[in-house]
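Dumped structure_39.csv below, it's CSV, C-alpha atoms:
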```csv
chain,number,residue,atom,x,y,z
A,13,MET,CA,195.3,167.0,51.3
A,14,GLU,CA,192.3,167.2,53.7
A,15,ASN,CA,194.4,169.2,56.1
A,16,ILE,CA,195.4,171.6,53.4
A,17,SER,CA,191.7,172.2,52.3
A,18,THR,CA,190.7,172.6,55.9
A,19,THR,CA,193.4,175.3,56.4
A,20,ILE,CA,192.5,177.1,53.2
A,21,PHE,CA,188.7,177.1,53.6
A,22,GLY,CA,188.6,177.1,57.4
A,23,PHE,CA,186.3,174.2,57.9
A,24,SER,CA,186.1,170.4,57.2
A,25,THR,CA,183.7,168.3,55.3
A,26,TYR,CA,182.0,167.6,58.6
A,27,ASP,CA,181.5,171.3,59.2
A,28,THR,CA,180.1,171.6,55.7
A,29,VAL,CA,177.4,168.9,56.4
A,30,CYS,CA,176.4,170.7,59.6
A,31,ILE,CA,176.1,174.0,57.9
A,32,ALA,CA,174.1,172.5,55.0
A,33,LEU,CA,171.8,170.9,57.6
A,34,ALA,CA,171.3,174.1,59.4
A,35,ILE,CA,170.5,176.0,56.3
A,36,THR,CA,168.1,173.3,55.1
A,37,ILE,CA,166.2,173.3,58.5
A,38,ILE,CA,165.9,177.1,58.4
A,39,VAL,CA,164.6,177.1,54.8
A,40,LEU,CA,162.2,174.3,55.4
A,41,PHE,CA,161.0,176.0,58.6
A,42,ILE,CA,160.2,179.2,56.7
A,43,ILE,CA,158.5,177.4,53.7
A,44,GLN,CA,156.5,175.0,55.8
A,45,LEU,CA,155.2,177.7,58.2
A,46,ALA,CA,154.4,180.0,55.3
A,47,LEU,CA,152.4,177.3,53.7
A,48,TYR,CA,150.6,176.4,56.9
A,49,PHE,CA,149.6,180.0,57.8
A,50,ASN,CA,148.7,180.7,54.2
A,51,LEU,CA,146.4,177.7,54.2
A,52,TYR,CA,144.8,177.9,57.6
A,53,GLY,CA,145.5,181.5,58.8
A,54,ARG,CA,142.1,183.0,57.7
A,55,ILE,CA,139.8,180.4,59.2
A,56,SER,CA,139.6,181.6,62.8
A,57,SER,CA,139.0,185.2,61.7
A,58,PHE,CA,136.7,184.5,58.8
A,59,ARG,CA,133.4,186.3,58.8
A,60,MET,CA,130.7,185.4,56.3
A,61,MET,CA,129.1,188.8,56.8
A,62,ASP,CA,132.0,190.5,55.0
A,63,LYS,CA,130.5,189.3,51.7
A,64,ARG,CA,127.7,191.2,49.9
A,65,PRO,CA,124.3,189.5,50.5
A,66,ILE,CA,122.4,188.3,47.5
A,67,ARG,CA,119.1,187.7,49.4
A,68,GLU,CA,117.2,189.7,52.0
A,69,SER,CA,115.9,186.8,54.1
A,70,GLU,CA,116.6,183.1,54.8
A,71,PRO,CA,114.6,180.8,52.5
A,72,ALA,CA,112.4,177.8,53.3
A,73,ILE,CA,114.6,174.7,53.3
A,74,SER,CA,114.2,171.0,52.7
A,75,VAL,CA,116.5,168.8,54.8
A,76,ILE,CA,117.2,165.5,53.1
A,77,VAL,CA,118.1,162.5,55.2
A,78,PRO,CA,118.8,159.0,53.7
A,79,MET,CA,118.4,156.1,56.2
A,80,PHE,CA,119.4,152.5,55.7
A,81,VAL,CA,118.7,151.0,59.1
A,82,GLU,CA,115.7,150.3,61.3
A,83,ASP,CA,116.7,152.4,64.3
A,84,SER,CA,113.8,153.5,66.5
A,85,TYR,CA,116.3,155.3,68.8
A,86,TYR,CA,117.3,157.6,65.9
A,87,LEU,CA,113.6,158.5,65.4
A,88,ASP,CA,113.3,159.5,69.1
A,89,THR,CA,116.5,161.4,69.4
A,90,THR,CA,118.4,162.8,66.3
A,91,LEU,CA,115.3,163.0,64.1
A,92,ALA,CA,113.3,164.7,66.8
A,93,THR,CA,116.2,167.2,67.1
A,94,LEU,CA,116.1,167.9,63.3
A,95,LEU,CA,112.3,168.3,63.3
A,96,THR,CA,112.3,170.8,66.2
A,97,GLN,CA,115.1,173.1,64.8
A,98,ASP,CA,114.6,176.7,65.7
A,99,TYR,CA,113.8,177.8,62.1
A,100,LYS,CA,110.7,179.4,60.6
A,101,GLU,CA,109.9,177.2,57.6
A,102,PHE,CA,111.4,173.8,56.7
A,103,GLU,CA,110.7,170.2,56.1
A,104,VAL,CA,112.7,167.0,56.8
A,105,VAL,CA,112.5,164.5,54.0
A,106,LEU,CA,113.5,161.1,55.5
A,107,ILE,CA,114.2,158.5,52.8
A,108,TYR,CA,114.0,155.0,54.4
A,109,VAL,CA,115.7,152.4,52.3
A,110,GLY,CA,114.5,149.0,53.6
A,111,LYS,CA,111.8,146.4,53.5
A,112,SER,CA,110.2,146.8,57.0
A,113,ASP,CA,106.7,148.1,56.5
A,114,ASP,CA,106.3,148.2,60.3
A,115,PHE,CA,109.3,150.5,60.7
A,116,PHE,CA,108.1,152.8,57.9
A,117,ASN,CA,104.7,153.0,59.5
A,118,GLU,CA,106.5,154.0,62.7
A,119,ILE,CA,108.1,156.8,60.8
A,120,LYS,CA,104.8,157.9,59.2
A,121,SER,CA,103.2,158.0,62.6
A,122,LEU,CA,105.5,160.8,63.6
A,123,GLN,CA,103.7,163.1,61.2
A,124,LYS,CA,101.0,163.5,63.8
A,125,LEU,CA,103.6,165.2,66.0
A,126,TYR,CA,105.7,166.7,63.3
A,127,PRO,CA,103.8,167.9,60.2
A,128,ASN,CA,107.1,169.1,58.6
A,129,LEU,CA,108.2,165.4,58.3
A,130,THR,CA,108.0,163.9,54.7
A,131,PRO,CA,108.7,160.2,54.8
A,132,ILE,CA,109.6,158.2,51.7
A,133,GLN,CA,110.3,154.5,51.4
A,134,ILE,CA,112.5,152.8,48.8
A,135,ASP,CA,112.4,149.0,48.8
A,136,TYR,CA,115.8,147.5,49.3
A,137,SER,CA,116.8,144.4,47.3
A,138,PRO,CA,120.3,142.8,47.3
A,139,ARG,CA,119.8,142.4,43.5
A,140,TYR,CA,119.2,146.1,43.0
A,141,PRO,CA,121.2,147.9,45.8
A,142,VAL,CA,120.3,151.5,46.5
A,143,SER,CA,123.3,153.7,47.3
A,144,THR,CA,123.3,156.9,49.4
A,145,LYS,CA,123.4,159.1,46.3
A,146,ILE,CA,120.4,157.4,44.8
A,147,ALA,CA,118.4,157.9,48.0
A,148,LEU,CA,119.6,161.6,48.0
A,149,ASN,CA,118.4,162.0,44.4
A,150,VAL,CA,115.0,160.6,45.2
A,151,GLY,CA,114.7,162.9,48.3
A,152,ILE,CA,115.8,166.0,46.5
A,153,LYS,CA,113.4,165.5,43.6
A,154,SER,CA,110.6,165.0,46.2
A,155,ALA,CA,111.5,168.1,48.2
A,156,LYS,CA,108.9,170.9,48.1
A,157,TYR,CA,111.3,173.8,48.7
A,158,ASP,CA,114.0,175.2,46.4
A,159,PHE,CA,116.8,175.2,48.9
A,160,ILE,CA,118.3,171.9,50.1
A,161,VAL,CA,120.4,170.9,53.1
A,162,THR,CA,121.6,167.3,53.2
A,163,THR,CA,122.7,165.4,56.2
A,164,SER,CA,122.8,161.7,57.3
A,165,TYR,CA,121.2,159.5,59.9
A,166,ASP,CA,124.6,158.9,61.6
A,167,ALA,CA,125.1,162.7,62.2
A,168,ALA,CA,123.4,164.9,64.8
A,169,PRO,CA,123.2,168.7,64.9
A,170,SER,CA,125.1,170.2,67.7
A,171,SER,CA,122.3,172.7,68.6
A,172,GLU,CA,118.8,173.7,67.9
A,173,ARG,CA,120.2,176.6,65.8
A,174,TRP,CA,122.1,174.4,63.4
A,175,LEU,CA,119.6,174.8,60.5
A,176,SER,CA,119.1,178.6,61.1
A,177,LEU,CA,122.8,179.2,61.0
A,178,LEU,CA,123.3,177.2,57.9
A,179,ALA,CA,120.3,179.0,56.4
A,180,LYS,CA,122.1,182.3,56.9
A,181,GLY,CA,124.7,181.1,54.5
A,182,PHE,CA,122.0,181.3,51.7
A,183,LEU,CA,121.9,185.0,52.2
A,184,TYR,CA,125.4,185.2,50.7
A,185,GLY,CA,125.5,182.3,48.3
A,186,ASP,CA,123.7,179.4,46.6
A,187,VAL,CA,126.1,176.8,48.0
A,188,VAL,CA,126.5,176.4,51.8
A,189,LEU,CA,129.3,174.4,53.4
A,190,GLY,CA,129.2,173.5,57.1
A,191,TYR,CA,131.5,171.4,59.3
A,192,SER,CA,130.9,167.9,60.6
A,193,GLY,CA,133.1,166.4,63.2
A,194,ILE,CA,133.5,163.0,64.7
A,195,VAL,CA,131.8,162.1,68.0
A,196,ARG,CA,134.2,162.3,71.0
A,197,LYS,CA,134.9,158.9,72.6
A,198,GLU,CA,137.6,157.3,74.8
A,199,GLY,CA,140.7,155.7,73.1
A,200,PHE,CA,143.5,156.6,70.9
A,201,ALA,CA,141.7,155.4,67.7
A,202,ASN,CA,139.0,157.9,68.3
A,203,PHE,CA,141.6,160.6,68.8
A,204,ILE,CA,143.1,159.7,65.4
A,205,PHE,CA,139.6,159.7,63.7
A,206,ARG,CA,138.9,163.2,65.0
A,207,GLU,CA,142.3,164.7,64.2
A,208,TYR,CA,142.2,163.3,60.7
A,209,GLN,CA,138.7,164.6,60.2
A,210,ILE,CA,139.4,168.1,61.4
A,211,ASN,CA,142.7,168.5,59.5
A,212,LYS,CA,141.2,167.3,56.3
A,213,SER,CA,138.2,169.6,56.8
A,214,LEU,CA,140.4,172.6,57.6
A,215,ALA,CA,142.0,172.1,54.1
A,216,TRP,CA,138.7,172.2,52.2
A,217,ILE,CA,137.3,175.0,54.4
A,218,SER,CA,140.3,177.1,53.7
A,219,ALA,CA,140.0,176.5,50.0
A,220,ALA,CA,136.4,177.5,50.1
A,221,ILE,CA,137.2,180.7,51.9
A,222,ARG,CA,139.7,181.5,49.2
A,223,GLY,CA,137.1,181.0,46.5
A,224,LYS,CA,138.4,177.5,45.4
A,225,ALA,CA,135.9,175.1,47.0
A,226,TYR,CA,136.5,171.5,46.1
A,227,ALA,CA,134.8,169.5,48.9
A,228,GLY,CA,132.3,169.6,51.7
A,229,SER,CA,130.5,167.4,54.2
A,230,ARG,CA,127.4,165.6,53.2
A,231,ASN,CA,126.3,166.0,56.8
A,232,ALA,CA,126.0,169.8,56.4
A,233,LEU,CA,125.8,170.6,52.7
A,234,GLY,CA,123.4,173.2,51.3
A,235,PHE,CA,122.6,174.2,47.7
A,236,LYS,CA,119.9,175.7,45.6
A,237,LYS,CA,117.9,173.0,43.8
A,238,GLU,CA,118.4,174.7,40.5
A,239,LEU,CA,122.2,174.0,40.7
A,240,TYR,CA,121.4,170.3,41.4
A,241,PHE,CA,119.3,170.0,38.2
A,242,ASN,CA,121.8,171.9,36.1
A,243,VAL,CA,124.5,169.2,36.7
A,244,ARG,CA,122.0,166.3,36.8
A,245,GLY,CA,122.5,165.7,40.5
A,246,PHE,CA,124.7,163.2,42.2
A,247,ASN,CA,125.7,161.4,39.0
A,248,HIS,CA,128.6,159.3,40.1
A,249,LEU,CA,126.2,156.4,40.9
A,250,ASP,CA,129.0,153.7,40.9
A,251,MET,CA,130.7,155.3,43.9
A,252,ASN,CA,130.1,154.4,47.5
A,253,ALA,CA,131.6,157.5,49.1
A,254,GLY,CA,132.9,160.9,48.2
A,255,GLU,CA,130.6,161.8,45.4
A,256,ASP,CA,129.5,164.8,47.4
A,257,ASP,CA,133.0,166.3,46.9
A,258,LEU,CA,132.6,165.9,43.2
A,259,PHE,CA,129.2,167.4,43.3
A,260,VAL,CA,130.6,170.5,45.1
A,261,GLN,CA,133.3,170.8,42.4
A,262,GLN,CA,130.5,170.8,39.8
A,263,ILE,CA,128.3,173.5,41.4
A,264,ALA,CA,130.8,175.7,43.2
A,265,THR,CA,132.2,178.9,41.8
A,266,PRO,CA,134.5,181.6,43.4
A,267,ASP,CA,131.5,183.7,44.2
A,268,ASN,CA,128.5,181.4,45.0
A,269,VAL,CA,129.9,179.6,48.1
A,270,SER,CA,129.1,180.5,51.8
A,271,VAL,CA,131.1,178.8,54.6
A,272,VAL,CA,129.3,178.6,57.9
A,273,LEU,CA,131.7,178.3,60.9
A,274,SER,CA,130.2,178.2,64.4
A,275,PRO,CA,130.2,175.6,67.2
A,276,ARG,CA,126.4,175.7,67.0
A,277,ALA,CA,126.4,175.0,63.3
A,278,THR,CA,128.3,171.8,63.3
A,279,CYS,CA,127.2,168.2,63.0
A,280,ILE,CA,128.6,165.3,65.1
A,281,GLU,CA,129.0,162.1,63.2
A,282,GLN,CA,128.9,158.6,64.9
A,283,THR,CA,131.5,156.0,64.3
A,284,TRP,CA,130.6,152.4,63.7
A,285,GLY,CA,133.8,150.5,64.3
A,286,GLY,CA,137.5,150.7,65.1
A,287,PHE,CA,140.5,151.4,63.0
A,288,ALA,CA,139.6,148.8,60.3
A,289,TRP,CA,136.2,150.4,59.8
A,290,TRP,CA,137.8,153.9,59.6
A,291,LEU,CA,140.5,152.7,57.1
A,292,ARG,CA,137.8,151.2,54.8
A,293,LYS,CA,136.1,154.6,54.9
A,294,MET,CA,139.3,156.5,54.1
A,295,GLN,CA,140.1,154.1,51.3
A,296,MET,CA,136.7,154.7,49.7
A,297,LEU,CA,137.3,158.4,49.9
A,298,ARG,CA,140.8,157.9,48.5
A,299,GLU,CA,139.3,156.4,45.4
A,300,THR,CA,137.3,159.6,44.8
A,301,ARG,CA,140.4,161.7,44.5
A,302,ARG,CA,141.2,160.3,41.0
A,303,PHE,CA,138.2,162.3,39.8
A,304,TYR,CA,139.3,165.5,41.5
A,305,LYS,CA,140.1,168.5,39.4
A,306,ARG,CA,143.9,168.8,39.0
A,307,GLY,CA,145.7,170.9,41.6
A,308,VAL,CA,142.8,171.4,44.0
A,309,THR,CA,144.7,169.9,46.9
A,310,ALA,CA,148.2,171.1,45.8
A,311,LYS,CA,148.7,173.5,48.7
A,312,SER,CA,147.8,171.1,51.4
A,313,THR,CA,149.9,168.4,49.8
A,314,ALA,CA,152.9,170.7,49.6
A,315,GLU,CA,152.5,171.7,53.2
A,316,LEU,CA,152.5,168.0,54.2
A,317,VAL,CA,155.6,167.3,52.1
A,318,MET,CA,157.5,170.3,53.5
A,319,ARG,CA,156.6,169.3,57.0
A,320,THR,CA,157.9,165.8,56.4
A,321,LEU,CA,161.2,167.1,55.0
A,322,PHE,CA,161.5,169.5,57.9
A,323,PHE,CA,161.1,166.6,60.4
A,324,ILE,CA,163.7,164.5,58.5
A,325,ALA,CA,166.2,167.4,58.5
A,326,VAL,CA,165.7,168.0,62.2
A,327,LEU,CA,166.2,164.3,63.1
A,328,ALA,CA,169.3,164.2,60.9
A,329,ALA,CA,170.7,167.2,62.6
A,330,ILE,CA,170.1,165.8,66.1
A,331,ILE,CA,172.0,162.6,65.0
A,332,VAL,CA,174.8,164.4,63.2
A,333,LEU,CA,175.5,167.5,65.3
A,334,PRO,CA,177.8,167.5,68.3
A,335,TRP,CA,175.9,167.2,71.6
A,336,GLU,CA,176.4,170.9,72.4
A,337,PHE,CA,174.6,171.9,69.2
A,338,LYS,CA,171.7,169.4,69.3
A,339,ALA,CA,169.5,171.9,71.2
A,340,ILE,CA,169.4,174.2,68.2
A,341,PRO,CA,167.4,172.0,65.8
A,342,ILE,CA,165.2,170.9,68.8
A,343,ALA,CA,164.5,174.6,69.6
A,344,VAL,CA,163.6,175.3,65.9
A,345,ALA,CA,161.2,172.3,65.9
A,346,VAL,CA,159.6,173.4,69.2
A,347,LEU,CA,159.2,176.9,67.8
A,348,ARG,CA,157.6,175.6,64.6
A,349,TYR,CA,155.2,173.4,66.7
A,350,LEU,CA,154.2,176.3,69.0
A,351,LEU,CA,153.3,178.5,66.1
A,352,SER,CA,151.3,175.9,64.3
A,353,PHE,CA,149.7,174.8,67.5
A,354,TYR,CA,148.5,178.3,68.2
A,355,LEU,CA,146.7,178.4,64.9
A,356,PHE,CA,145.3,174.9,65.3
A,357,VAL,CA,143.8,175.8,68.7
A,358,ARG,CA,142.2,178.9,67.3
A,359,ASN,CA,140.7,177.0,64.4
A,360,THR,CA,139.4,174.1,66.5
A,361,ARG,CA,137.7,176.6,68.9
A,362,ARG,CA,136.0,178.2,65.9
A,363,LEU,CA,134.6,174.8,64.9
A,364,GLY,CA,133.6,173.8,68.5
A,365,GLU,CA,136.1,170.9,68.7
A,366,GLU,CA,137.4,170.1,72.2
A,367,GLY,CA,139.8,167.6,73.8
A,368,LEU,CA,142.4,167.5,71.0
A,369,SER,CA,145.0,170.0,72.1
A,370,SER,CA,146.7,168.0,74.7
A,371,ARG,CA,147.7,165.2,72.2
A,372,HIS,CA,148.0,167.3,69.0
A,373,ILE,CA,151.8,167.1,69.1
A,374,ILE,CA,151.5,163.3,68.5
A,375,TYR,CA,149.3,163.7,65.5
A,376,ASP,CA,151.3,166.6,64.1
A,377,PHE,CA,154.3,164.3,64.0
A,378,ILE,CA,152.6,161.2,62.6
A,379,GLU,CA,150.2,162.8,60.2
A,380,PRO,CA,152.5,162.6,57.1
A,381,ALA,CA,153.0,158.8,57.7
A,382,LEU,CA,149.3,158.3,58.4
A,383,ARG,CA,148.2,160.0,55.2
A,384,LEU,CA,150.8,158.1,53.2
A,385,PHE,CA,149.6,154.8,54.7
A,386,VAL,CA,146.0,155.7,53.7
A,387,ILE,CA,147.2,156.3,50.2
A,388,VAL,CA,149.3,153.2,49.7
A,389,ALA,CA,147.4,150.7,51.8
A,390,PRO,CA,145.7,148.0,49.7
A,391,LEU,CA,141.9,148.1,49.7
A,392,THR,CA,140.7,146.1,52.7
A,393,LYS,CA,138.0,143.5,52.6
A,394,GLY,CA,134.5,145.1,52.5
A,395,SER,CA,135.7,148.4,51.2
A,396,ASN,CA,133.5,148.2,48.1
A,397,THR,CA,130.4,147.9,50.3
A,398,TYR,CA,131.0,150.8,52.6
A,399,GLN,CA,128.0,153.1,52.9
A,400,ASN,CA,128.3,156.7,54.0
```
Would you mind writing the file's structure down as structure tokens?
Amino acid sequence: MENISTTIFGFSTYDTVCIALAITIIVLFIIQLALYFNLYGRISSFRMMDKRPIRESEPAISVIVPMFVEDSYYLDTTLATLLTQDYKEFEVVLIYVGKSDDFFNEIKSLQKLYPNLTPIQIDYSPRYPVSTKIALNVGIKSAKYDFIVTTSYDAAPSSERWLSLLAKGFLYGDVVLGYSGIVRKEGFANFIFREYQINKSLAWISAAIRGKAYAGSRNALGFKKELYFNVRGFNHLDMNAGEDDLFVQQIATPDNVSVVLSPRATCIEQTWGGFAWWLRKMQMLRETRRFYKRGVTAKSTAELVMRTLFFIAVLAAIIVLPWEFKAIPIAVAVLRYLLSFYLFVRNTRRLGEEGLSSRHIIYDFIEPALRLFVIVAPLTKGSNTYQN
């Protein structure tokens, strides 16, 4: 019977499977790349100046920095960099959460050198813990200017023009989103941290460019104080991370967001541990997603799913096809990688990220599994105490 069907239709069941695999690979190749370029294709060419300005000059700015450690090195390095930014009128509101009066006096002594420093102390008590968002609320309410930029003590500006470039965003909108990367170090874990950070950031940057902002980086987030009071500030006080994303979703509209993309306008965030530390951080941010507006990450999720199915189809074809045809799915996979790699390199250069290109093929392949692991992994010990 099988011989008869083969004679009539011209091919066997084996041939049918091969043809189906080939069609599947081509369809997934087209869909996945279309999603990828639709998501990330506008980032490298984006120009904020294409928008119509709503102000004639950059406003005075209050930079808010919560601090939970007694770190004199920070005062001499990163804080000094913040206080000496090349900008006409600004203050740095440093909220120290702790019990060391000597350290707070050390902070106050810097006012002799930097009159634009406004130090605030909040006594820390284990019985009444103060979260980052509470410290931010105190700092914002104490700020003397109507335009706010938040950052953190574990993030440093990449240049002395960081604040002036973010401030230009206020010429075009009341909400300003800047990029924050992970400090470059040796080791594979650091490579994963940086890749995960930039790929996650590219997703929300792309959404903001399309007028659908749903997230930002607390290390480089600007907004008009009026917007903050309209939504009663950072009101998810029971959360340890990610409430800045929910805040952005509350205050952002299709027309009031400016995205600032420049290597000199980025922040570089320190890491405080290895993979276990990073996983705790990602798990806390994962908990935030249940409060997201429905559908805000649909495109990036769809791209990841299509990429996974594409990889599975290619691997299946390599296993099933005769050896003389195995080069075909491999060639399609290489073409897909080269096209996506081209766009990735352009976007990373726009953000000032370096040292990722040589190993990006590894991350491109393992990213779906890594993101699934972050989603399904049980909360690790200490997750509920993570501070960001």
Do you know which residues are at most 9 Å from segment 148-161 of chain A counting only C-alpha atoms, after dropping those on the same chain fewer than 2 positions away, and could you put them as a PDB file with C-alpha atoms, in the frame of the given file?
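After the write, out.pdb holds the following:
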```pdb
ATOM      1  CA  PRO A  71     114.600 180.800  52.500  1.00  0.00           C
ATOM      2  CA  ALA A  72     112.400 177.800  53.300  1.00  0.00           C
ATOM      3  CA  ILE A  73     114.600 174.700  53.300  1.00  0.00           C
ATOM      4  CA  SER A  74     114.200 171.000  52.700  1.00  0.00           C
ATOM      5  CA  VAL A  75     116.500 168.800  54.800  1.00  0.00           C
ATOM      6  CA  ILE A  76     117.200 165.500  53.100  1.00  0.00           C
ATOM      7  CA  VAL A  77     118.100 162.500  55.200  1.00  0.00           C
ATOM      8  CA  PRO A  78     118.800 159.000  53.700  1.00  0.00           C
ATOM      9  CA  PHE A 102     111.400 173.800  56.700  1.00  0.00           C
ATOM     10  CA  GLU A 103     110.700 170.200  56.100  1.00  0.00           C
ATOM     11  CA  VAL A 104     112.700 167.000  56.800  1.00  0.00           C
ATOM     12  CA  VAL A 105     112.500 164.500  54.000  1.00  0.00           C
ATOM     13  CA  LEU A 106     113.500 161.100  55.500  1.00  0.00           C
ATOM     14  CA  ILE A 107     114.200 158.500  52.800  1.00  0.00           C
ATOM     15  CA  THR A 130     108.000 163.900  54.700  1.00  0.00           C
ATOM     16  CA  ILE A 132     109.600 158.200  51.700  1.00  0.00           C
ATOM     17  CA  ILE A 134     112.500 152.800  48.800  1.00  0.00           C
ATOM     18  CA  SER A 143     123.300 153.700  47.300  1.00  0.00           C
ATOM     19  CA  THR A 144     123.300 156.900  49.400  1.00  0.00           C
ATOM     20  CA  LYS A 145     123.400 159.100  46.300  1.00  0.00           C
ATOM     21  CA  ILE A 146     120.400 157.400  44.800  1.00  0.00           C
ATOM     22  CA  THR A 163     122.700 165.400  56.200  1.00  0.00           C
ATOM     23  CA  LEU A 175     119.600 174.800  60.500  1.00  0.00           C
ATOM     24  CA  LEU A 178     123.300 177.200  57.900  1.00  0.00           C
ATOM     25  CA  ALA A 179     120.300 179.000  56.400  1.00  0.00           C
ATOM     26  CA  PHE A 182     122.000 181.300  51.700  1.00  0.00           C
ATOM     27  CA  ASP A 186     123.700 179.400  46.600  1.00  0.00           C
ATOM     28  CA  VAL A 188     126.500 176.400  51.800  1.00  0.00           C
ATOM     29  CA  ARG A 230     127.400 165.600  53.200  1.00  0.00           C
ATOM     30  CA  ASN A 231     126.300 166.000  56.800  1.00  0.00           C
ATOM     31  CA  ALA A 232     126.000 169.800  56.400  1.00  0.00           C
ATOM     32  CA  LEU A 233     125.800 170.600  52.700  1.00  0.00           C
ATOM     33  CA  GLY A 234     123.400 173.200  51.300  1.00  0.00           C
ATOM     34  CA  PHE A 235     122.600 174.200  47.700  1.00  0.00           C
ATOM     35  CA  LYS A 236     119.900 175.700  45.600  1.00  0.00           C
ATOM     36  CA  LYS A 237     117.900 173.000  43.800  1.00  0.00           C
ATOM     37  CA  GLU A 238     118.400 174.700  40.500  1.00  0.00           C
ATOM     38  CA  TYR A 240     121.400 170.300  41.400  1.00  0.00           C
ATOM     39  CA  GLY A 245     122.500 165.700  40.500  1.00  0.00           C
ATOM     40  CA  PHE A 246     124.700 163.200  42.200  1.00  0.00           C
TER      41      PHE A 246
END
```
I'd like the neighbourhood of segment 196-208 of chain A as a list in words, where a residue qualifies if any of its atoms comes within 8 Å (using all atoms listed in the file), though same-chain residues fewer than 6 positions away should be ignored. Gly286, Phe287, Trp290, Leu368, His372 and Tyr375 of chain A
Report, in Å to a single decimal, how far apart atom CA of Val195 of chain A and atom CA of Leu87 of chain A are.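 Here the two named atoms are 18.7 Å from each other.
Take atom CA of Leu321 of chain A and atom CA of Trp216 of chain A: the distance between them is 23.2 Å.
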Between A:Trp284, A:Tyr354, A:Phe323, A:Tyr184, which one has atoms that come closest to Glu379 of chain A, using all atoms listed in the file? A:Phe323
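One distance worth recording is that between atom CA of Arg358 of chain A and atom CA of Ser57 of chain A, which is 9.0 Å.
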Might you pull out every residue within 10 Å of Phe377 of chain A, with all atoms listed in the file counted and same-chain residues fewer than 3 positions away left off, and present them as a PyMOL selection string? chain A and resi 319-320+323+349+372-374+380-382
Selected residues, C-alpha atoms, written as a compact mmCIF listing (two decimals), keeping the file's coordinate frame, please.
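Printed below is part-v6.txt as written:
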```
# COMPACT_ATOMS: atom_id res chain seq x y z
CA ARG A 319 156.60 169.30 57.00
CA THR A 320 157.90 165.80 56.40
CA PHE A 323 161.10 166.60 60.40
CA TYR A 349 155.20 173.40 66.70
CA HIS A 372 148.00 167.30 69.00
CA ILE A 373 151.80 167.10 69.10
CA ILE A 374 151.50 163.30 68.50
CA PRO A 380 152.50 162.60 57.10
CA ALA A 381 153.00 158.80 57.70
CA LEU A 382 149.30 158.30 58.40
```
Restricting the calculation to all atoms listed in the file, which member of A:Pro266, A:Gly110, A:Pro127, A:Pro169 is positioned closest to Ala219 of chain A? A:Pro266
So that I can check the surroundings of Ile324 of chain A, please list as a PyMOL selection string every protein, DNA and RNA residue that reaches within 12 Å of it, counting all atoms listed in the file and ignoring chain neighbours fewer than 4 positions away. chain A and resi 33+36-37+40-41+317-320+328-331+341+345+377+380
Give me the residues near Thr89 of chain A as a ChimeraX atom specification, where near means some atom within 12 Å (using all atoms listed in the file) and where sequence neighbours in that chain fewer than 4 positions away do not count. /A:83-85,93-96,165-169
Distance cut-off 12 Å, centre (132.7, 166.5, 46.0) in file coordinates, counting all atoms listed in the file: which residues qualify? Return them as a PyMOL selection string. chain A and resi 145+189+216+225-230+233+245-248+251+253-264+297+300-305+308
Keeping C-alpha atoms for every residue in the selection just given, could you write it to a file as a short mmCIF file (atom, residue, chain, number, x, y, z; two decimals), in the coordinates of the input?
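Written out: again.cif:
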```cif
data_model
loop_
_atom_site.label_atom_id
_atom_site.label_comp_id
_atom_site.auth_asym_id
_atom_site.auth_seq_id
_atom_site.Cartn_x
_atom_site.Cartn_y
_atom_site.Cartn_z
CA LYS A 145 123.40 159.10 46.30
CA LEU A 189 129.30 174.40 53.40
CA TRP A 216 138.70 172.20 52.20
CA ALA A 225 135.90 175.10 47.00
CA TYR A 226 136.50 171.50 46.10
CA ALA A 227 134.80 169.50 48.90
CA GLY A 228 132.30 169.60 51.70
CA SER A 229 130.50 167.40 54.20
CA ARG A 230 127.40 165.60 53.20
CA LEU A 233 125.80 170.60 52.70
CA GLY A 245 122.50 165.70 40.50
CA PHE A 246 124.70 163.20 42.20
CA ASN A 247 125.70 161.40 39.00
CA HIS A 248 128.60 159.30 40.10
CA MET A 251 130.70 155.30 43.90
CA ALA A 253 131.60 157.50 49.10
CA GLY A 254 132.90 160.90 48.20
CA GLU A 255 130.60 161.80 45.40
CA ASP A 256 129.50 164.80 47.40
CA ASP A 257 133.00 166.30 46.90
CA LEU A 258 132.60 165.90 43.20
CA PHE A 259 129.20 167.40 43.30
CA VAL A 260 130.60 170.50 45.10
CA GLN A 261 133.30 170.80 42.40
CA GLN A 262 130.50 170.80 39.80
CA ILE A 263 128.30 173.50 41.40
CA ALA A 264 130.80 175.70 43.20
CA LEU A 297 137.30 158.40 49.90
CA THR A 300 137.30 159.60 44.80
CA ARG A 301 140.40 161.70 44.50
CA ARG A 302 141.20 160.30 41.00
CA PHE A 303 138.20 162.30 39.80
CA TYR A 304 139.30 165.50 41.50
CA LYS A 305 140.10 168.50 39.40
CA VAL A 308 142.80 171.40 44.00
#
```
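Using only C-alpha atoms, the shortest contact distance between Cys30 of chain A and any of A:Ile119, A:Ala310, A:Ile55, A:Val332 is found at A:Val332.
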